[in-house]
Amino acid sequence: MQQFKQVLVEEILPKVRKPLRYLGNEYNTVKKDWKAVKLRSLFAFPDVYEVGMSHLGLQILYGLVNEQAEYLMERVFAPWPDMEEELRIRGLPLFSLESLRPLTDFDCIGFTLQYEMSYTNILNILDLGGIPLQAKERGNEKPIIMAGGPCVYNPEPLVDFIDFFVLGEGEEVLLEIFEVMAEHRILRQGKQDKKVLLKELACIQGVYVPAFYKAFYDKKRRFTGIKVKEQGVAPQVVKRVVKDLDHAYFPLKPIVPYLEVVHDRMMLEVLRGCTRGCRFCQAGFLYRPVRERSKDLLLQQAEKISEATGHNEISLTSLSTSDYTGVEALLRETLNLFAGKNIGVSLPSLRVDSFSVNLAKEVQRVRKTGLTFAPEAGTQRLRDVNFLL
Ligand code: SF4
């Protein structure tokens, strides 16, 4: 490991753009003793650092897992082509940011599937990590590969490569999954039997193990249905949903990147889901039902995150923030909370029809930040069918 670190720092990093993408050690990063935990997991974001570090889901799951004494979670992102070239020239594997360990050292690797354009990066990350691409080629000694995120609702394009998918909201189910994995390792004294483990995982609501199902296609290769083929496995996989956002985990010490990332600010998740039901909107359907976080809790979280990060901007995040009940009061009290500290508030996803001049005036009270409007649909016909459900 020491030798790898020396090569990385002295030979590779001086040759690549933005070396901070690969250094780790950011403020609030967690580094754990590998011998003191029962399970070592890796969060793999199949895009570059600046995109991945703007993803709230990463911060939620990283914080949740690392707050458990018996588990650890590290991070890896898709390397830029210059870094990939340097690794391939030297025959070195891709590595995690926290411990600089190769991917094969981990018990499990979880990819987040945010958009289909990143699928080739998943295969590249596996390849750079020295992990066989196809699930059936990975034996008991290889890490288990899992995937979550919005694209798992159509998992079939990736079933050959992923051992299991998690449908729904990760913070609701991930610790149940890890408990089964850790127990399995202890029972088998560190040696896993992949099929036995997958069978146990398949019994958790929200887990889809493709090896236990058969998918059917018509002559034109169009998907027609799926049937379970393993005894004891549920015929239908039901997504996991956080019932009450006020009692859900939310990270109060998120990692603060040294490098400027796409969304370089604190994030407060004010609500999940969307009331509108636009028929063309994937997120509007996937994140149902609508759940709001209470204003008092949001203000407490804002104060703690501000103390732990030092950011000078806070974003009230959701699919449609202007639909939050009492959004003007929340905005006013958030600005009051940070009065005199030069911390601005941004509203990242607004419907034009529910936005008010008062909101715009409030947002500008400290300084000009961002208002992002979502036009919702490209044509009037689509806008007209929004509310037909
Ligand atoms: S308002 Fe926006 S987020 Fe909500 S359903 Fe419509 S398109 Fe989706």
# chains A, B, ... in the order shown; residues from 1 in each chain; ligands from 1
>>> residues_near_ligand(ligand="ligand 1", cutoff="8 Å", atoms="only C-alpha atoms and all ligand atoms", output="mmCIF file with N, CA and C atoms, in the first residue's frame")
data_model
loop_
_atom_site.group_PDB
_atom_site.id
_atom_site.type_symbol
_atom_site.label_atom_id
_atom_site.label_comp_id
_atom_site.auth_asym_id
_atom_site.auth_seq_id
_atom_site.Cartn_x
_atom_site.Cartn_y
_atom_site.Cartn_z
ATOM 1 N N GLY A 273 -40.502 13.195 -3.280
ATOM 2 C CA GLY A 273 -41.705 12.977 -4.073
ATOM 3 C C GLY A 273 -42.177 14.287 -4.650
ATOM 4 N N CYS A 274 -43.274 14.237 -5.394
ATOM 5 C CA CYS A 274 -43.813 15.458 -6.003
ATOM 6 C C CYS A 274 -45.323 15.313 -6.122
ATOM 7 N N THR A 275 -46.042 16.392 -5.799
ATOM 8 C CA THR A 275 -47.504 16.330 -5.805
ATOM 9 C C THR A 275 -48.097 16.353 -7.202
ATOM 10 N N ARG A 276 -47.310 16.703 -8.209
ATOM 11 C CA ARG A 276 -47.896 17.080 -9.500
ATOM 12 C C ARG A 276 -48.307 15.927 -10.405
ATOM 13 N N GLY A 277 -47.560 14.849 -10.374
ATOM 14 C CA GLY A 277 -47.946 13.678 -11.180
ATOM 15 C C GLY A 277 -47.863 13.876 -12.675
ATOM 16 N N CYS A 278 -46.906 14.661 -13.163
ATOM 17 C CA CYS A 278 -46.742 14.817 -14.616
ATOM 18 C C CYS A 278 -46.488 13.434 -15.224
ATOM 19 N N ARG A 279 -47.189 13.121 -16.272
ATOM 20 C CA ARG A 279 -47.166 11.734 -16.757
ATOM 21 C C ARG A 279 -45.850 11.358 -17.418
ATOM 22 N N PHE A 280 -45.085 12.341 -17.858
ATOM 23 C CA PHE A 280 -43.824 12.042 -18.534
ATOM 24 C C PHE A 280 -42.659 11.966 -17.558
ATOM 25 N N CYS A 281 -42.890 12.222 -16.270
ATOM 26 C CA CYS A 281 -41.778 12.445 -15.339
ATOM 27 C C CYS A 281 -41.433 11.179 -14.557
ATOM 28 N N GLN A 282 -40.222 10.662 -14.796
ATOM 29 C CA GLN A 282 -39.789 9.446 -14.102
ATOM 30 C C GLN A 282 -39.701 9.689 -12.593
ATOM 31 N N ALA A 283 -39.035 10.793 -12.213
ATOM 32 C CA ALA A 283 -38.819 11.052 -10.782
ATOM 33 C C ALA A 283 -40.147 11.219 -10.038
ATOM 34 N N GLY A 284 -41.113 11.886 -10.697
ATOM 35 C CA GLY A 284 -42.411 12.121 -10.066
ATOM 36 C C GLY A 284 -43.089 10.809 -9.678
ATOM 37 N N PHE A 285 -42.876 9.755 -10.465
ATOM 38 C CA PHE A 285 -43.472 8.454 -10.155
ATOM 39 C C PHE A 285 -42.610 7.657 -9.170
ATOM 40 N N LEU A 319 -37.702 17.791 -5.497
ATOM 41 C CA LEU A 319 -38.096 17.814 -6.911
ATOM 42 C C LEU A 319 -38.807 19.121 -7.256
ATOM 43 N N SER A 320 -39.498 19.711 -6.281
ATOM 44 C CA SER A 320 -40.272 20.922 -6.562
ATOM 45 C C SER A 320 -40.420 21.713 -5.254
ATOM 46 N N ARG A 351 -41.183 25.182 -9.823
ATOM 47 C CA ARG A 351 -42.181 25.269 -10.892
ATOM 48 C C ARG A 351 -42.535 26.740 -11.057
ATOM 49 N N ALA A 374 -37.802 24.723 -13.499
ATOM 50 C CA ALA A 374 -37.943 23.538 -14.341
ATOM 51 C C ALA A 374 -39.113 23.783 -15.285
ATOM 52 N N GLU A 376 -40.658 21.848 -17.091
ATOM 53 C CA GLU A 376 -41.572 20.700 -16.966
ATOM 54 C C GLU A 376 -41.877 19.947 -18.259
ATOM 55 N N ALA A 377 -42.134 20.607 -19.352
ATOM 56 C CA ALA A 377 -42.440 19.848 -20.571
ATOM 57 C C ALA A 377 -42.089 20.691 -21.782
ATOM 58 N N ASN A 386 -50.470 16.813 -18.100
ATOM 59 C CA ASN A 386 -49.857 16.686 -16.779
ATOM 60 C C ASN A 386 -50.796 16.132 -15.718
#
>>> residues_around(residues="Lys195 of chain A", least_positions_apart="3", cutoff="10 Å", atoms="only C-alpha atoms", output="list in words")
Gly139, Asn140, Asp163, Gln192, Leu198, Lys199, Glu200, Leu201, Ala211 and Phe212 of chain A
>>> residues_around(residues="Leu174 of chain A", least_positions_apart="6", cutoff="10 Å", atoms="only C-alpha atoms", output="list in words")
Leu61, Leu64, Val65 and Val166 of chain A
>>> closest_atom_pairs(of="segment 72-94 of chain A", to="segment 40-48 of chain A", cutoff="9 Å", atoms="only C-alpha atoms", output="CSV")
residue,atom,partner,partner_atom,distance
A:Leu72,CA,A:Arg40,CA,5.1
A:Met73,CA,A:Ser41,CA,4.7
A:Glu74,CA,A:Leu42,CA,4.8
A:Arg75,CA,A:Phe43,CA,4.9
A:Val76,CA,A:Ala44,CA,4.9
A:Phe77,CA,A:Phe45,CA,4.9
A:Ala78,CA,A:Asp47,CA,4.8
A:Pro79,CA,A:Val48,CA,6.1
A:Trp80,CA,A:Val48,CA,6.7
>>> select_by_dssp(residues="segment 30-129 of chain A", states="strand (DSSP E or B)", output="list in words")
Leu39, Arg40, Ser41, Leu42, Phe43, Ala44, Phe45, Tyr71, Leu72, Met73, Glu74, Arg75, Val76, Phe77, Phe95, Pro102, Cys108, Ile109, Gly110, Phe111 and Thr112 of chain A
>>> write_last_selection(atoms="C-alpha atoms", output="short mmCIF file (atom, residue, chain, number, x, y, z; two decimals), in the first residue's frame")
data_model
loop_
_atom_site.label_atom_id
_atom_site.label_comp_id
_atom_site.auth_asym_id
_atom_site.auth_seq_id
_atom_site.Cartn_x
_atom_site.Cartn_y
_atom_site.Cartn_z
CA LEU A 39 -17.99 -5.51 6.54
CA ARG A 40 -16.10 -3.27 4.10
CA SER A 41 -18.17 -1.61 1.42
CA LEU A 42 -17.37 0.71 -1.45
CA PHE A 43 -19.74 3.33 -2.89
CA ALA A 44 -18.98 3.52 -6.61
CA PHE A 45 -20.25 6.55 -8.51
CA TYR A 71 -19.26 -1.35 8.94
CA LEU A 72 -17.19 0.96 6.78
CA MET A 73 -17.88 2.64 3.45
CA GLU A 74 -15.27 4.19 1.16
CA ARG A 75 -15.68 5.91 -2.24
CA VAL A 76 -14.55 5.48 -5.81
CA PHE A 77 -15.44 7.57 -8.88
CA PHE A 95 -8.46 2.34 -5.88
CA PRO A 102 -7.92 -1.88 -4.81
CA CYS A 108 -19.21 -5.42 -1.65
CA ILE A 109 -19.32 -2.60 -4.17
CA GLY A 110 -22.49 -0.58 -4.67
CA PHE A 111 -23.08 1.41 -7.85
CA THR A 112 -25.67 4.13 -8.05
#
>>> residues_around(residues="segment 204-209 of chain A", least_positions_apart="2", cutoff="10 Å", atoms="only C-alpha atoms", output="compact mmCIF listing (two decimals) with N, CA and C atoms, in the first residue's frame")
# COMPACT_ATOMS: atom_id res chain seq x y z
N MET A 146 -23.55 -4.68 -6.19
CA MET A 146 -24.95 -4.30 -6.05
C MET A 146 -25.20 -2.96 -6.75
N ALA A 147 -26.46 -2.65 -7.00
CA ALA A 147 -26.78 -1.37 -7.64
C ALA A 147 -28.11 -0.84 -7.11
N GLY A 148 -28.17 0.47 -6.97
CA GLY A 148 -29.41 1.13 -6.55
C GLY A 148 -29.58 2.41 -7.35
N VAL A 152 -32.65 1.50 -11.45
CA VAL A 152 -32.87 0.07 -11.16
C VAL A 152 -34.32 -0.34 -11.39
N PRO A 155 -34.05 -2.78 -14.53
CA PRO A 155 -32.71 -3.35 -14.33
C PRO A 155 -32.24 -4.25 -15.47
N VAL A 159 -28.55 -6.82 -16.01
CA VAL A 159 -28.63 -8.03 -15.17
C VAL A 159 -27.42 -8.95 -15.32
N ILE A 162 -24.60 -7.24 -12.68
CA ILE A 162 -24.84 -6.87 -11.27
C ILE A 162 -25.39 -8.08 -10.52
N ASP A 163 -24.87 -8.34 -9.32
CA ASP A 163 -25.35 -9.50 -8.55
C ASP A 163 -26.75 -9.27 -7.98
N PHE A 164 -26.98 -8.07 -7.47
CA PHE A 164 -28.35 -7.78 -7.03
C PHE A 164 -28.64 -6.28 -7.06
N PHE A 165 -29.90 -5.96 -7.24
CA PHE A 165 -30.36 -4.57 -7.30
C PHE A 165 -31.19 -4.26 -6.05
N VAL A 166 -31.20 -3.00 -5.68
CA VAL A 166 -32.01 -2.57 -4.54
C VAL A 166 -33.01 -1.54 -5.05
N LEU A 167 -34.29 -1.89 -4.95
CA LEU A 167 -35.33 -0.99 -5.43
C LEU A 167 -35.84 -0.12 -4.29
N GLY A 168 -35.81 1.17 -4.49
CA GLY A 168 -36.35 2.07 -3.49
C GLY A 168 -35.26 2.89 -2.82
N GLU A 169 -35.56 3.34 -1.62
CA GLU A 169 -34.70 4.32 -0.94
C GLU A 169 -33.67 3.63 -0.06
N GLY A 170 -32.40 3.85 -0.40
CA GLY A 170 -31.30 3.08 0.18
C GLY A 170 -31.19 3.15 1.68
N GLU A 172 -33.32 3.18 3.81
CA GLU A 172 -34.36 2.36 4.44
C GLU A 172 -33.95 0.89 4.51
N VAL A 173 -33.05 0.46 3.63
CA VAL A 173 -32.80 -0.98 3.51
C VAL A 173 -31.32 -1.38 3.63
N GLU A 176 -30.05 -3.38 6.64
CA GLU A 176 -30.57 -4.77 6.67
C GLU A 176 -29.71 -5.66 5.76
N ILE A 177 -29.36 -5.12 4.61
CA ILE A 177 -28.53 -5.87 3.65
C ILE A 177 -27.15 -6.14 4.26
N VAL A 180 -27.10 -8.91 6.91
CA VAL A 180 -27.09 -10.26 6.33
C VAL A 180 -25.70 -10.59 5.80
N LEU A 198 -26.79 -14.72 -1.74
CA LEU A 198 -27.79 -14.06 -2.59
C LEU A 198 -29.20 -14.53 -2.25
N LYS A 199 -29.33 -15.79 -1.89
CA LYS A 199 -30.66 -16.31 -1.52
C LYS A 199 -31.16 -15.62 -0.25
N GLU A 200 -30.25 -15.43 0.69
CA GLU A 200 -30.66 -14.74 1.93
C GLU A 200 -31.02 -13.29 1.62
N LEU A 201 -30.23 -12.65 0.74
CA LEU A 201 -30.51 -11.25 0.40
C LEU A 201 -31.84 -11.10 -0.34
N ALA A 202 -32.15 -12.09 -1.17
CA ALA A 202 -33.39 -12.02 -1.97
C ALA A 202 -34.63 -12.04 -1.09
N ALA A 211 -30.39 -13.57 -10.88
CA ALA A 211 -30.11 -14.99 -11.11
C ALA A 211 -31.29 -15.87 -10.70
N PHE A 212 -32.21 -15.37 -9.89
CA PHE A 212 -33.34 -16.17 -9.42
C PHE A 212 -34.61 -15.93 -10.24
N TYR A 213 -34.50 -15.20 -11.34
CA TYR A 213 -35.67 -14.89 -12.17
C TYR A 213 -35.34 -15.18 -13.63
N VAL A 228 -40.30 -15.79 -11.42
CA VAL A 228 -39.32 -16.27 -10.46
C VAL A 228 -39.03 -17.74 -10.74
N VAL A 233 -38.26 -17.44 -3.17
CA VAL A 233 -37.99 -16.04 -3.54
C VAL A 233 -39.31 -15.40 -4.00
N ALA A 234 -39.54 -14.16 -3.58
CA ALA A 234 -40.82 -13.50 -3.89
C ALA A 234 -41.00 -13.30 -5.40
N GLN A 236 -42.67 -11.02 -6.88
CA GLN A 236 -42.62 -9.59 -7.19
C GLN A 236 -41.72 -8.88 -6.20
N VAL A 237 -40.92 -7.95 -6.70
CA VAL A 237 -40.05 -7.18 -5.80
C VAL A 237 -40.71 -5.82 -5.54
N VAL A 238 -40.89 -5.52 -4.28
CA VAL A 238 -41.59 -4.28 -3.92
C VAL A 238 -40.56 -3.27 -3.39
N LYS A 239 -40.63 -2.04 -3.88
CA LYS A 239 -39.63 -1.04 -3.51
C LYS A 239 -39.73 -0.66 -2.03
N ARG A 240 -38.61 -0.21 -1.48
CA ARG A 240 -38.57 0.24 -0.09
C ARG A 240 -38.76 1.76 -0.03
N VAL A 241 -39.55 2.18 0.91
CA VAL A 241 -39.87 3.61 1.01
C VAL A 241 -39.69 4.08 2.45
>>> atom_distance(atom1="atom CA of Ser306 of chain A", atom2="atom CA of Asn25 of chain A")
19.5 Å
>>> closest_residue(among="A:Cys151, A:Ile144, A:Ala215, A:Ala248", to="Lys194 of chain A", atoms="only C-alpha atoms")
A:Ile144
>>> residues_around(residues="Ile12 of chain A", least_positions_apart="4", cutoff="9 Å", atoms="only C-alpha atoms", output="JSON, numbers by chain")
{"A": [7, 8, 16, 19, 83, 86, 87]}
>>> write_last_selection(atoms="C-alpha atoms", output="CSV table (one decimal), in the first residue's frame")
chain,number,residue,atom,x,y,z
A,7,VAL,CA,3.8,5.8,-7.1
A,8,LEU,CA,0.5,7.6,-7.0
A,16,VAL,CA,-3.1,14.1,-14.5
A,19,PRO,CA,-5.3,15.4,-9.0
A,83,MET,CA,-5.8,8.9,-15.0
A,86,GLU,CA,-1.7,6.1,-16.3
A,87,LEU,CA,-3.2,3.2,-14.3
>>> closest_residue(among="A:Leu252, A:Leu128, A:Leu271, A:Leu113", to="Arg291 of chain A", atoms="only C-alpha atoms")
A:Leu271
